[in-house]
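Structure file run-v4.txt (compact mmCIF, C-alpha atoms) is printed below.
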```txt
# COMPACT_ATOMS: atom_id res chain seq x y z
CA MET A 1 -48.11 -17.69 6.66
CA SER A 2 -45.28 -19.87 7.90
CA GLN A 3 -42.09 -18.28 9.20
CA ILE A 4 -40.14 -16.65 6.38
CA LYS A 5 -36.50 -17.65 6.51
CA ALA A 6 -33.59 -16.01 4.75
CA LEU A 7 -29.97 -16.95 4.27
CA ALA A 8 -27.45 -14.13 4.47
CA LEU A 9 -23.90 -13.79 3.18
CA LEU A 10 -21.99 -12.37 6.11
CA SER A 11 -18.40 -11.16 5.79
CA GLY A 12 -18.65 -9.44 9.13
CA GLY A 13 -18.12 -6.01 7.61
CA LEU A 14 -20.61 -3.28 8.41
CA ASP A 15 -22.64 -3.62 5.20
CA SER A 16 -23.45 -7.30 5.49
CA THR A 17 -24.16 -6.85 9.20
CA LEU A 18 -26.62 -4.00 8.57
CA ALA A 19 -28.28 -5.89 5.72
CA ILE A 20 -29.16 -8.67 8.15
CA LYS A 21 -30.33 -6.21 10.80
CA LEU A 22 -32.77 -4.57 8.36
CA VAL A 23 -34.31 -7.90 7.41
CA GLN A 24 -34.40 -9.18 10.99
CA GLU A 25 -36.36 -6.07 11.94
CA GLN A 26 -39.10 -7.23 9.60
CA GLY A 27 -39.62 -10.38 11.63
CA ILE A 28 -37.71 -12.66 9.28
CA PHE A 29 -35.53 -15.47 10.60
CA VAL A 30 -31.99 -15.07 9.29
CA HIS A 31 -29.26 -17.68 9.10
CA ALA A 32 -25.82 -16.34 8.19
CA LEU A 33 -23.19 -17.95 5.99
CA HIS A 34 -19.54 -16.95 6.20
CA PHE A 35 -17.25 -18.28 3.51
CA TYR A 36 -13.68 -19.36 4.11
CA THR A 37 -11.72 -18.89 0.87
CA GLY A 38 -8.24 -19.40 2.30
CA PHE A 39 -7.38 -15.70 1.99
CA CYS A 40 -8.60 -14.48 5.28
CA ILE A 41 -6.75 -11.62 6.95
CA THR A 42 -7.64 -12.82 10.46
CA GLU A 43 -6.18 -16.23 9.69
CA HIS A 44 -3.06 -14.61 8.30
CA LYS A 45 -2.56 -12.45 11.40
CA ARG A 46 -3.12 -15.30 13.80
CA ARG A 47 -0.79 -17.56 11.87
CA LEU A 48 1.98 -15.03 12.39
CA GLY A 49 1.04 -14.29 15.97
CA ILE A 50 0.08 -10.69 15.17
CA LYS A 51 -2.11 -9.26 17.92
CA LYS A 52 -4.15 -6.11 18.33
CA GLU A 53 -2.53 -3.05 19.90
CA ASP A 54 -4.09 -3.90 23.26
CA GLY A 55 -2.54 -7.38 23.09
CA SER A 56 -5.79 -9.21 22.39
CA GLN A 57 -6.38 -11.56 19.48
CA HIS A 58 -7.91 -10.46 16.21
CA MET A 59 -11.39 -11.87 16.22
CA ASN A 60 -13.17 -13.31 13.24
CA PRO A 61 -15.42 -10.42 12.18
CA ALA A 62 -18.28 -12.66 11.07
CA LEU A 63 -18.49 -14.35 14.45
CA LYS A 64 -18.40 -11.03 16.19
CA ALA A 65 -21.17 -9.65 13.97
CA ALA A 66 -23.31 -12.78 14.28
CA ALA A 67 -23.02 -12.71 18.06
CA GLN A 68 -24.18 -9.08 18.09
CA LEU A 69 -27.07 -9.78 15.75
CA GLY A 70 -28.02 -12.97 17.54
CA VAL A 71 -28.09 -14.97 14.31
CA PRO A 72 -26.72 -18.46 13.81
CA VAL A 73 -23.66 -18.44 11.59
CA GLU A 74 -22.26 -21.23 9.51
CA ILE A 75 -18.70 -21.14 8.25
CA VAL A 76 -18.52 -22.70 4.82
CA ASP A 77 -15.12 -23.88 3.65
CA ILE A 78 -14.78 -23.26 -0.10
CA SER A 79 -10.99 -22.97 -0.09
CA GLU A 80 -10.33 -25.90 -2.41
CA GLU A 81 -12.69 -24.86 -5.16
CA TYR A 82 -11.67 -21.29 -4.63
CA PHE A 83 -8.08 -22.04 -5.52
CA ASN A 84 -9.11 -23.15 -9.02
CA VAL A 85 -11.22 -20.06 -9.48
CA LEU A 86 -8.34 -17.90 -8.42
CA LEU A 87 -6.04 -19.31 -11.07
CA LYS A 88 -8.60 -19.06 -13.86
CA PRO A 89 -11.40 -16.67 -13.07
CA LYS A 90 -14.02 -16.69 -15.84
CA TYR A 91 -14.68 -12.99 -15.32
CA GLY A 92 -11.10 -11.95 -14.65
CA TYR A 93 -9.42 -10.13 -11.82
CA GLY A 94 -10.16 -6.80 -10.23
CA LYS A 95 -7.46 -4.24 -9.69
CA ASN A 96 -5.26 -6.82 -7.92
CA VAL A 97 -5.71 -10.61 -7.91
CA ASN A 98 -9.22 -10.43 -6.56
CA PRO A 99 -11.59 -12.51 -8.70
CA CYS A 100 -14.59 -10.75 -7.15
CA ILE A 101 -17.21 -11.65 -9.74
CA ASP A 102 -16.40 -15.36 -9.82
CA CYS A 103 -16.15 -15.33 -6.05
CA ARG A 104 -19.62 -13.82 -5.61
CA ILE A 105 -21.07 -16.34 -8.05
CA MET A 106 -19.47 -19.19 -6.16
CA MET A 107 -20.75 -18.01 -2.78
CA LEU A 108 -24.27 -17.46 -4.11
CA ARG A 109 -24.29 -20.90 -5.74
CA LYS A 110 -23.41 -22.42 -2.37
CA ALA A 111 -26.14 -20.36 -0.77
CA LYS A 112 -28.64 -21.61 -3.34
CA GLU A 113 -27.71 -25.21 -2.59
CA ILE A 114 -28.36 -24.65 1.11
CA MET A 115 -31.52 -22.64 0.40
CA ASP A 116 -33.01 -25.42 -1.73
CA ARG A 117 -31.97 -28.15 0.65
CA GLU A 118 -33.09 -26.51 3.86
CA GLY A 119 -36.15 -24.58 2.73
CA TYR A 120 -35.02 -20.98 2.96
CA HIS A 121 -37.03 -18.43 0.99
CA PHE A 122 -34.37 -16.05 -0.30
CA VAL A 123 -30.81 -14.77 0.08
CA ILE A 124 -29.57 -11.46 1.53
CA THR A 125 -26.30 -9.72 0.74
CA GLY A 126 -24.77 -6.48 1.96
CA GLU A 127 -23.97 -5.32 -1.55
CA VAL A 128 -24.31 -1.61 -2.24
CA VAL A 129 -24.85 -0.42 -5.80
CA GLY A 130 -21.77 1.30 -7.16
CA GLN A 131 -19.62 0.70 -4.10
CA ARG A 132 -17.01 -1.52 -5.67
CA PRO A 133 -15.85 -0.97 -9.20
CA MET A 134 -15.72 -4.63 -10.12
CA SER A 135 -18.60 -6.54 -8.69
CA GLN A 136 -21.19 -4.05 -7.54
CA ARG A 137 -22.28 -2.33 -10.73
CA LEU A 138 -25.91 -2.97 -11.66
CA PRO A 139 -25.36 -5.18 -14.75
CA ILE A 140 -22.82 -7.21 -12.81
CA LEU A 141 -25.19 -7.72 -9.88
CA LYS A 142 -27.70 -9.13 -12.37
CA LEU A 143 -25.10 -11.35 -14.03
CA ILE A 144 -23.93 -12.76 -10.69
CA GLU A 145 -27.48 -13.61 -9.70
CA LYS A 146 -28.21 -15.29 -13.01
CA GLU A 147 -25.04 -17.37 -12.99
CA ALA A 148 -25.84 -18.54 -9.47
CA GLY A 149 -29.36 -19.55 -10.48
CA LEU A 150 -30.87 -17.09 -8.02
CA GLU A 151 -32.51 -14.56 -10.34
CA GLY A 152 -34.92 -12.45 -8.36
CA TYR A 153 -34.07 -14.18 -5.08
CA VAL A 154 -31.16 -12.00 -3.96
CA LEU A 155 -32.30 -9.17 -1.73
CA ARG A 156 -29.83 -6.33 -1.16
CA PRO A 157 -31.48 -4.42 1.67
CA LEU A 158 -29.03 -1.49 1.63
CA SER A 159 -29.75 -0.64 -2.03
CA ALA A 160 -33.10 -2.36 -2.57
CA LYS A 161 -34.99 0.79 -3.49
CA LEU A 162 -32.59 1.46 -6.34
CA LEU A 163 -33.01 -2.02 -7.75
CA PRO A 164 -35.93 -3.78 -9.44
CA PRO A 165 -38.28 -5.45 -6.91
CA THR A 166 -37.18 -8.95 -6.01
CA VAL A 167 -39.37 -11.99 -5.35
CA PRO A 168 -39.38 -11.48 -1.54
CA GLU A 169 -40.61 -7.91 -2.09
CA LYS A 170 -43.23 -8.90 -4.68
CA MET A 171 -44.50 -11.71 -2.49
CA GLY A 172 -44.86 -9.35 0.44
CA TRP A 173 -42.38 -11.29 2.58
CA VAL A 174 -40.46 -8.08 3.10
CA ASP A 175 -41.69 -4.51 3.01
CA ARG A 176 -39.74 -2.70 0.30
CA GLU A 177 -40.59 0.64 1.86
CA LYS A 178 -38.52 -0.19 4.92
CA LEU A 179 -35.43 -1.01 2.87
CA LEU A 180 -32.79 1.54 1.87
CA ASP A 181 -31.43 3.35 -1.16
CA ILE A 182 -27.73 3.63 -0.40
CA LYS A 183 -25.34 3.87 -3.33
CA GLY A 184 -21.68 4.57 -3.97
CA ARG A 185 -18.59 4.44 -1.86
CA GLY A 186 -19.60 6.81 0.94
CA ARG A 187 -19.95 5.26 4.37
CA LYS A 188 -21.86 7.97 6.21
CA VAL A 189 -25.32 6.40 6.10
CA GLN A 190 -23.96 3.04 7.21
CA ILE A 191 -21.95 4.55 10.07
CA ASN A 192 -25.03 6.40 11.32
CA LEU A 193 -27.07 3.21 11.15
CA ALA A 194 -24.40 1.36 13.11
CA LYS A 195 -24.74 4.00 15.82
CA LYS A 196 -28.50 3.74 15.79
CA TYR A 197 -28.43 -0.03 16.21
CA GLY A 198 -25.45 -0.03 18.57
CA ILE A 199 -23.39 -2.22 16.27
CA ASP A 200 -19.67 -2.41 16.96
CA TYR A 201 -17.90 -3.28 13.70
CA GLU A 202 -14.43 -3.92 12.35
CA GLN A 203 -12.53 -1.15 10.59
CA PRO A 204 -11.60 -0.67 7.83
CA ALA A 205 -14.47 -1.74 5.61
CA GLY A 206 -13.71 -3.96 2.68
CA GLY A 207 -13.97 -7.35 4.26
CA CYS A 208 -11.30 -9.77 5.23
CA CYS A 209 -9.84 -10.88 1.90
CA TYR A 210 -6.21 -10.14 1.23
CA LEU A 211 -6.36 -10.78 -2.51
CA THR A 212 -7.20 -7.10 -2.87
CA ASP A 213 -3.79 -6.22 -1.40
CA PRO A 214 -1.65 -4.67 -4.18
CA ASN A 215 1.64 -6.08 -2.84
CA TYR A 216 0.20 -9.55 -2.63
CA ALA A 217 -1.01 -9.21 -6.22
CA LEU A 218 2.43 -8.16 -7.43
CA LYS A 219 4.04 -11.21 -5.83
CA PHE A 220 1.31 -13.48 -7.15
CA LYS A 221 1.76 -12.27 -10.72
CA GLU A 222 5.54 -12.37 -10.47
CA THR A 223 5.40 -16.01 -9.35
CA LEU A 224 3.15 -17.01 -12.23
CA GLU A 225 5.38 -15.18 -14.67
CA ARG A 226 8.70 -16.54 -13.42
CA GLU A 227 7.69 -20.01 -12.29
CA GLY A 228 4.87 -20.72 -14.73
CA SER A 229 2.57 -22.16 -12.07
CA ILE A 230 1.49 -21.62 -8.52
CA THR A 231 0.50 -24.06 -5.77
CA ARG A 232 -1.69 -23.66 -2.70
CA GLU A 233 1.44 -23.69 -0.62
CA ASP A 234 2.89 -20.85 -2.71
CA LEU A 235 -0.18 -18.79 -1.95
CA VAL A 236 0.48 -19.04 1.75
CA LEU A 237 4.19 -18.32 1.32
CA LEU A 238 3.37 -15.22 -0.71
CA SER A 239 1.66 -13.71 2.30
CA VAL A 240 4.72 -14.00 4.53
CA GLY A 241 8.18 -12.45 4.60
CA ARG A 242 10.31 -10.41 2.27
CA HIS A 243 10.58 -11.94 -1.20
CA LEU A 244 13.76 -11.88 -3.26
CA ARG A 245 14.49 -13.35 -6.69
CA LEU A 246 18.07 -14.29 -7.50
CA PRO A 247 19.40 -14.05 -11.07
CA SER A 248 19.04 -17.82 -11.61
CA GLY A 249 15.33 -17.61 -10.81
CA VAL A 250 15.69 -19.03 -7.28
CA LYS A 251 13.35 -17.40 -4.81
CA LEU A 252 14.24 -16.45 -1.25
CA VAL A 253 11.61 -15.80 1.40
CA VAL A 254 13.14 -13.92 4.32
CA ALA A 255 11.41 -13.88 7.71
CA ARG A 256 10.93 -10.34 9.01
CA ASN A 257 10.26 -11.10 12.66
CA GLU A 258 10.00 -13.88 15.18
CA GLY A 259 6.46 -14.77 14.18
CA GLU A 260 7.58 -15.24 10.59
CA VAL A 261 10.64 -17.26 11.64
CA ASN A 262 8.33 -19.63 13.51
CA PHE A 263 5.92 -19.83 10.64
CA LEU A 264 8.55 -20.36 7.94
CA SER A 265 10.23 -23.05 10.05
CA GLY A 266 7.31 -25.21 9.02
CA PHE A 267 8.62 -25.13 5.44
CA LYS A 268 12.18 -26.25 6.27
CA ASN A 269 11.52 -29.87 5.41
CA ARG A 270 9.95 -29.01 2.06
CA TYR A 271 12.34 -26.40 0.72
CA GLY A 272 15.94 -25.44 1.15
CA TYR A 273 16.77 -22.93 3.84
CA ALA A 274 19.54 -20.75 5.22
CA GLN A 275 20.17 -19.30 8.65
CA ARG A 276 23.01 -18.37 10.95
CA LYS A 277 24.77 -21.37 12.41
CA ASP A 278 23.99 -20.08 15.90
CA GLN A 279 20.34 -19.69 14.79
CA GLN A 280 20.30 -16.00 15.72
CA GLY A 281 18.22 -13.73 13.53
CA THR A 282 16.28 -14.51 10.43
CA LEU A 283 15.39 -17.68 8.54
CA VAL A 284 15.47 -17.76 4.74
CA ILE A 285 13.46 -20.29 2.76
CA ILE A 286 15.05 -21.19 -0.59
CA LYS A 287 12.72 -22.17 -3.38
CA GLY A 288 14.60 -23.74 -6.25
CA VAL A 289 18.21 -24.90 -6.58
CA PRO A 290 20.72 -22.05 -6.39
CA LYS A 291 23.88 -22.00 -8.47
CA GLU A 292 27.22 -22.41 -6.72
CA GLU A 293 28.06 -18.73 -7.13
CA GLU A 294 24.79 -17.76 -5.47
CA TYR A 295 25.67 -19.30 -2.12
CA PRO A 296 27.61 -16.24 -0.95
CA LEU A 297 24.64 -14.09 -1.96
CA ILE A 298 22.27 -16.20 0.11
CA ALA A 299 24.66 -16.08 3.08
CA GLY A 300 24.85 -12.31 2.52
CA VAL A 301 21.08 -12.02 2.72
CA VAL A 302 21.03 -13.99 5.98
CA CYS A 303 23.73 -11.75 7.48
CA ARG A 304 22.07 -8.57 6.25
CA TYR A 305 18.84 -9.46 8.02
CA SER A 306 20.45 -11.00 11.13
CA LYS A 307 22.18 -8.26 13.09
CA ARG A 308 23.86 -6.97 9.92
CA GLU A 309 27.23 -8.54 10.74
CA PRO A 310 29.44 -11.24 9.24
CA ALA A 311 28.54 -14.71 10.48
CA GLU A 312 28.71 -18.40 9.73
CA VAL A 313 25.67 -19.41 7.75
CA ILE A 314 24.21 -22.86 7.17
CA ILE A 315 22.71 -23.34 3.75
CA LYS A 316 20.79 -26.52 3.20
CA VAL A 317 19.49 -27.45 -0.22
CA LYS A 318 18.30 -30.92 -1.17
CA ASP A 319 19.84 -32.70 1.82
CA GLU A 320 23.19 -31.08 1.21
CA GLU A 321 24.38 -28.80 3.95
CA LYS A 322 27.11 -26.21 3.63
CA VAL A 323 28.50 -23.77 6.12
CA ILE A 324 29.99 -20.60 4.70
CA LEU A 325 31.10 -17.29 6.12
CA GLY A 326 28.73 -14.58 4.98
CA GLU A 327 29.13 -10.81 4.68
CA PRO A 328 26.02 -8.61 4.91
CA LEU A 329 24.86 -7.77 1.41
CA GLY A 330 24.88 -4.12 0.33
CA ASP A 331 21.59 -2.27 -0.04
CA GLU A 332 21.94 -1.69 -3.74
CA ILE A 333 22.39 -5.31 -4.73
CA LEU A 334 19.71 -6.34 -2.25
CA GLU A 335 17.28 -3.90 -3.79
CA SER A 336 17.91 -5.42 -7.23
CA PHE A 337 16.74 -8.80 -5.92
CA LYS A 338 13.62 -7.56 -4.18
CA ILE A 339 10.39 -8.53 -5.87
CA LEU A 340 8.66 -5.55 -4.28
CA LYS A 341 10.93 -2.58 -4.73
CA GLY A 342 11.32 -0.38 -1.70
CA ALA A 343 9.89 -1.26 1.69
CA SER A 344 6.92 -3.56 1.96
CA HIS A 345 4.26 -3.69 4.63
CA GLY A 346 1.16 -5.57 5.60
CA VAL A 347 0.24 -8.77 3.84
CA GLY A 348 2.54 -7.81 0.97
CA MET B 1 -19.29 -28.72 35.41
CA GLU B 2 -15.77 -29.79 36.22
CA LEU B 3 -13.78 -30.16 33.05
CA ASP B 4 -11.85 -33.22 34.13
CA LYS B 5 -15.10 -35.08 34.64
CA ILE B 6 -16.32 -34.43 31.11
CA LYS B 7 -16.28 -37.46 28.84
CA PRO B 8 -16.38 -36.16 25.29
CA ASP B 9 -18.23 -38.21 22.68
CA VAL B 10 -16.06 -36.82 19.90
CA VAL B 11 -12.49 -35.51 20.06
CA HIS B 12 -11.31 -33.40 17.14
CA ASP B 13 -7.75 -32.15 16.74
CA VAL B 14 -7.24 -29.03 14.60
CA VAL B 15 -3.76 -28.11 15.85
CA GLY B 16 -1.89 -26.13 13.20
CA THR B 17 -4.93 -24.43 11.73
CA PHE B 18 -6.01 -20.87 12.30
CA CYS B 19 -9.23 -18.91 12.35
CA PRO B 20 -11.67 -19.50 10.76
CA VAL B 21 -10.70 -23.13 10.17
CA PRO B 22 -11.15 -24.28 13.80
CA ILE B 23 -14.65 -22.81 13.79
CA ALA B 24 -15.53 -24.37 10.45
CA GLU B 25 -14.30 -27.71 11.79
CA THR B 26 -16.29 -27.32 15.00
CA SER B 27 -19.37 -26.64 12.93
CA LYS B 28 -18.77 -29.71 10.75
CA MET B 29 -18.35 -31.98 13.77
CA ILE B 30 -21.36 -30.62 15.65
CA LYS B 31 -23.51 -31.15 12.56
CA GLN B 32 -22.63 -34.83 12.53
CA MET B 33 -23.28 -35.32 16.25
CA GLN B 34 -26.44 -36.09 18.20
CA ILE B 35 -28.09 -33.60 20.50
CA GLY B 36 -26.66 -33.94 24.01
CA GLN B 37 -23.26 -35.17 22.81
CA ILE B 38 -20.07 -33.36 23.76
CA LEU B 39 -17.22 -32.33 21.46
CA GLU B 40 -13.68 -31.77 22.66
CA LEU B 41 -11.80 -29.52 20.25
CA ILE B 42 -8.02 -29.37 20.49
CA ALA B 43 -6.44 -26.30 18.87
CA ASP B 44 -3.34 -24.15 19.17
CA ASP B 45 -4.70 -20.97 17.60
CA PRO B 46 -4.98 -18.82 20.75
CA GLY B 47 -7.91 -17.03 19.15
CA VAL B 48 -10.17 -20.04 19.72
CA VAL B 49 -10.49 -18.94 23.33
CA GLU B 50 -12.78 -16.17 22.14
CA ASP B 51 -14.00 -17.67 18.87
CA ILE B 52 -15.52 -20.87 20.13
CA PRO B 53 -17.59 -19.30 22.94
CA ALA B 54 -18.76 -16.63 20.43
CA TRP B 55 -19.67 -19.31 17.92
CA CYS B 56 -21.58 -21.21 20.60
CA LYS B 57 -23.45 -18.07 21.51
CA ALA B 58 -24.29 -17.33 17.87
CA THR B 59 -25.45 -20.86 17.10
CA GLY B 60 -27.13 -21.64 20.42
CA GLN B 61 -24.77 -24.44 21.48
CA GLU B 62 -23.51 -24.82 25.03
CA PHE B 63 -19.91 -23.93 25.79
CA LEU B 64 -18.82 -26.02 28.76
CA GLY B 65 -15.34 -24.62 29.30
CA MET B 66 -11.73 -25.02 28.32
CA TYR B 67 -8.22 -25.58 29.62
CA GLU B 68 -4.74 -25.01 28.23
CA GLU B 69 -1.95 -27.55 28.27
CA ASP B 70 1.43 -27.21 26.51
CA GLY B 71 0.19 -24.39 24.31
CA GLU B 72 -2.82 -26.39 23.16
CA PHE B 73 -6.37 -25.49 24.06
CA HIS B 74 -8.99 -28.08 24.87
CA LEU B 75 -12.49 -26.72 24.45
CA PHE B 76 -15.73 -28.49 25.29
CA VAL B 77 -19.00 -27.90 23.47
CA ARG B 78 -22.30 -29.64 24.07
CA LYS B 79 -24.66 -29.88 21.13
CA VAL B 80 -28.03 -28.61 22.29
CA LYS B 81 -29.73 -28.01 18.97
CA GLU B 82 -29.48 -28.83 15.30
CA LEU B 83 -27.39 -26.53 13.15
```
Represent the structure from my file as structure tokens, please.
Amino acid sequence: MSQIKALALLSGGLDSTLAIKLVQEQGIFVHALHFYTGFCITEHKRRLGIKKEDGSQHMNPALKAAAQLGVPVEIVDISEEYFNVLLKPKYGYGKNVNPCIDCRIMMLRKAKEIMDREGYHFVITGEVVGQRPMSQRLPILKLIEKEAGLEGYVLRPLSAKLLPPTVPEKMGWVDREKLLDIKGRGRKVQINLAKKYGIDYEQPAGGCCYLTDPNYALKFKETLEREGSITREDLVLLSVGRHLRLPSGVKLVVARNEGEVNFLSGFKNRYGYAQRKDQQGTLVIIKGVPKEEEYPLIAGVVCRYSKREPAEVIIKVKDEEKVILGEPLGDEILESFKILKGASHGVG
Amino acid sequence: MELDKIKPDVVHDVVGTFCPVPIAETSKMIKQMQIGQILELIADDPGVVEDIPAWCKATGQEFLGMYEEDGEFHLFVRKVKEL
């Protein structure tokens, strides 16, 4: 028999890494695919210059996993198509703005294209039955496969024994007996396997997609509701800074640290902005055209988040620049403008 | 190999993009190139310093080295096999 070749979906999390390991152990050649959707946490952190505690860079988990497994990895950019799916997912959102079902279908369709074109025999995923409420229930796994045109050709090594035999098992390409029967949200079996194989993996589990972040979801939904539409640029802006909505509907994005000031500076030629005349402290991006009476509020926001003292503030909207003296805004009024009430952390 | 003696066949500038875009771009370029050809990737995501060698290791390409100039990284990869 010629060499059996499988394509694997690799997020770089422990599950997809182990799934490949199990199939590799059966003498099958594995080629990994890692999909770039545009909502990657590593990208987000690097964009803002966020480093690990030891000062090193956050590494792409899929590359790290592939290097450990010794499998070739291809990074497939689906960010453009993904944007359309995100706005109108056929199967809806999960708990936040994560269109997990549509996303899985899209990735598997891409995998099928490559499989047909390059002569792979089947596809591997790290899915575990019952692990995620949205996309990993049995009927949904079947639906995803069908929609992708891969019925019977998706092998899920971690849960294979709980699922009907797939083509690779029936054909004898893989030995079903050597596959596993993991189910549910527990991680114990996987963690023990990682130890056994000496796999060093990224924590926490759950992949590298920030659409599952509840704060991000709140800001996403608020934008759609208040502005009626959302652009790809908006999606990036939503992941950065503190977001305020003024009574007129104008949105302010306030940089929270130097990394965010640098990043948001890139938007100064596209939107209005405000900052201290001496450029100390924060930068505020202004989306929309504020009313005259809102200028002191904007200056107040700048002062509140730049040393919390009165200062001269430049406000530039549509080529018109004004300099006004701002007073730091009080906490109560500030709170009323915040899109996320209370403090916000992380991607949100 | 001394880096200043390398004559890249393809130069690709991905300044302004962040992981995993520089890797995806590297992969796209390498796919279009001939075996033996050299790619020079220019990027400002400091993470490429680790990513590109790891990608080369995972895909069996040869990482020739890199240097930094004005906050931009120049990385050299020789295509040794088809992707």
Can you tell me, as a PyMOL selection string, what residues are no more than 12 Å from Leu64 in chain B when counting all atoms listed in the file, ignoring any on the same chain fewer than 3 positions away? chain B and resi 1-8+37-41+52-53+56-57+61+67+74-80
Ile101 in chain A: which residues within 7 Å, counting all atoms listed in the file, same-chain residues fewer than 5 positions away excluded, as number ranges by chain? A: 91, 135, 144
Counting only C-alpha atoms, what is within 9 Å of Ser248 in chain A, bar same-chain residues fewer than 4 positions away, as a list in words? Val289, Pro290, Lys291 and Glu294 of chain A
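Using only C-alpha atoms, the chain A residues found within 7 Å of chain B amount to Tyr36, Thr42, Glu43, Arg46, Arg47, Gln57, Met59, Asn60, Leu63, Ala66, Ala67, Gly70, Val71, Pro72, Val73, Ile75, Val76 and Asp77 of chain A.
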Hey, which bits of range 201-299 of chain A sit within 8 Å of range 313-316 of chain A, and for each residue what's the closest pair of atoms and how far apart in Å (one decimal), counting all atoms listed in the file, rows by chain and increasing number, as a tab-separated table?
```
residue	atom	partner	partner_atom	distance
A:Gly272	CA	A:Lys316	CA	5.4
A:Tyr273	CA	A:Lys316	CA	5.4
A:Ala274	CA	A:Ile315	CA	4.3
A:Gln275	CA	A:Val313	CA	5.6
A:Arg276	CA	A:Val313	CA	4.3
A:Lys277	CA	A:Val313	CA	5.1
A:Tyr295	CA	A:Ile315	CA	7.7
A:Ala299	CA	A:Val313	CA	5.8
```
If you take all atoms listed in the file and a cut-off of 6 Å, which residues of range 6-109 of chain A touch range 114-133 of chain A, and what are their nearest atom pairs and distances in Å to one decimal, in chain and number order, as a tab-separated table?
```
residue	atom	partner	partner_atom	distance
A:Ala6	CA	A:Phe122	CA	5.1
A:Leu7	CA	A:Val123	CA	4.8
A:Ala8	CA	A:Ile124	CA	4.5
A:Leu9	CA	A:Thr125	CA	5.3
A:Asp15	CA	A:Gly126	CA	4.8
A:Ser16	CA	A:Gly126	CA	3.9
A:Ala19	CA	A:Gly126	CA	5.2
```
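Taking CA of Gly172 in chain A and CA of Leu22 in chain A as endpoints, the distance between them is 15.2 Å.
Between Met33 in chain B and the residues B:Glu69, B:Glu82, B:Glu62, B:His12, the shortest atom-to-atom distance, using all atoms listed in the file, involves B:Glu82.
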Determine the axis-aligned bounding box of all atoms of range 29-33 of chain B present in the file, pad each side by 5 Å, and express its centre and edge lengths in Å to one decimal place as AutoDock Vina command-line options.
```
--center_x -20.9 --center_y -33.0 --center_z 14.4 --size_x 15.2 --size_y 14.7 --size_z 13.7
```
List as a PyMOL selection string the residues having at least one atom at most 9 Å from position (-18.3, -15.4, -8.4) as given in the file, counting all atoms listed in the file. chain A and resi 85+89-91+99-109+135+144+147-148
Those residues with C-alpha atoms, as an mmCIF file, in the coordinates of the input please?
```
data_model
loop_
_atom_site.group_PDB
_atom_site.id
_atom_site.type_symbol
_atom_site.label_atom_id
_atom_site.label_comp_id
_atom_site.auth_asym_id
_atom_site.auth_seq_id
_atom_site.Cartn_x
_atom_site.Cartn_y
_atom_site.Cartn_z
ATOM 1 C CA VAL A 85 -11.220 -20.060 -9.480
ATOM 2 C CA PRO A 89 -11.400 -16.670 -13.070
ATOM 3 C CA LYS A 90 -14.020 -16.690 -15.840
ATOM 4 C CA TYR A 91 -14.680 -12.990 -15.320
ATOM 5 C CA PRO A 99 -11.590 -12.510 -8.700
ATOM 6 C CA CYS A 100 -14.590 -10.750 -7.150
ATOM 7 C CA ILE A 101 -17.210 -11.650 -9.740
ATOM 8 C CA ASP A 102 -16.400 -15.360 -9.820
ATOM 9 C CA CYS A 103 -16.150 -15.330 -6.050
ATOM 10 C CA ARG A 104 -19.620 -13.820 -5.610
ATOM 11 C CA ILE A 105 -21.070 -16.340 -8.050
ATOM 12 C CA MET A 106 -19.470 -19.190 -6.160
ATOM 13 C CA MET A 107 -20.750 -18.010 -2.780
ATOM 14 C CA LEU A 108 -24.270 -17.460 -4.110
ATOM 15 C CA ARG A 109 -24.290 -20.900 -5.740
ATOM 16 C CA SER A 135 -18.600 -6.540 -8.690
ATOM 17 C CA ILE A 144 -23.930 -12.760 -10.690
ATOM 18 C CA GLU A 147 -25.040 -17.370 -12.990
ATOM 19 C CA ALA A 148 -25.840 -18.540 -9.470
#
```
Sel. within 12 Å of pt (-16.6, -2.9, 10.6), counting all atoms listed in the file, output as a VMD selection string: chain A and resid 10 to 18 59 to 62 64 to 65 187 190 to 191 194 to 195 199 to 208
Gap from CA of Ser2 in chain A to CA of Tyr153 in chain A - Å, one decimal: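 Here the two named atoms are 18.1 Å from each other.
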Proximity to Glu68 in chain B - best of B:Asp9, B:Ala43, B:Met29, B:Lys81, all atoms listed in the file: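 Looking at the shortest contact to Glu68 in chain B, the residue is B:Ala43.
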Atom-to-atom span, CA of Val301 in chain A and CA of Arg245 in chain A, Å: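 Rounded to one decimal, the two atoms are 11.6 Å apart.
Candidate residues A:Thr212, A:Ser56, A:Ser229, A:Ser265 were compared for distance to Lys88 in chain A, and the nearest is A:Ser229, using all atoms listed in the file.
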Would you mind telling me which residue in A:Val240, A:Ile298, A:Val261, A:Leu158 lies nearest to Lys322 in chain A when using all atoms listed in the file? A:Ile298
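Residues in contact range of Arg176 in chain A, defined as at most 10 Å between all atoms listed in the file, with sequence neighbours fewer than 6 positions away removed, read Pro157, Ala160, Lys161, Pro165, Thr166, Pro168, Glu169 and Lys170 of chain A.
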So, with all atoms listed in the file as the atoms that count, which of A:Ile41, A:Leu162, A:Val323, A:Ile286 lies closest to Ser239 in chain A?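 Distance minimum relative to Ser239 in chain A lands on A:Ile41.
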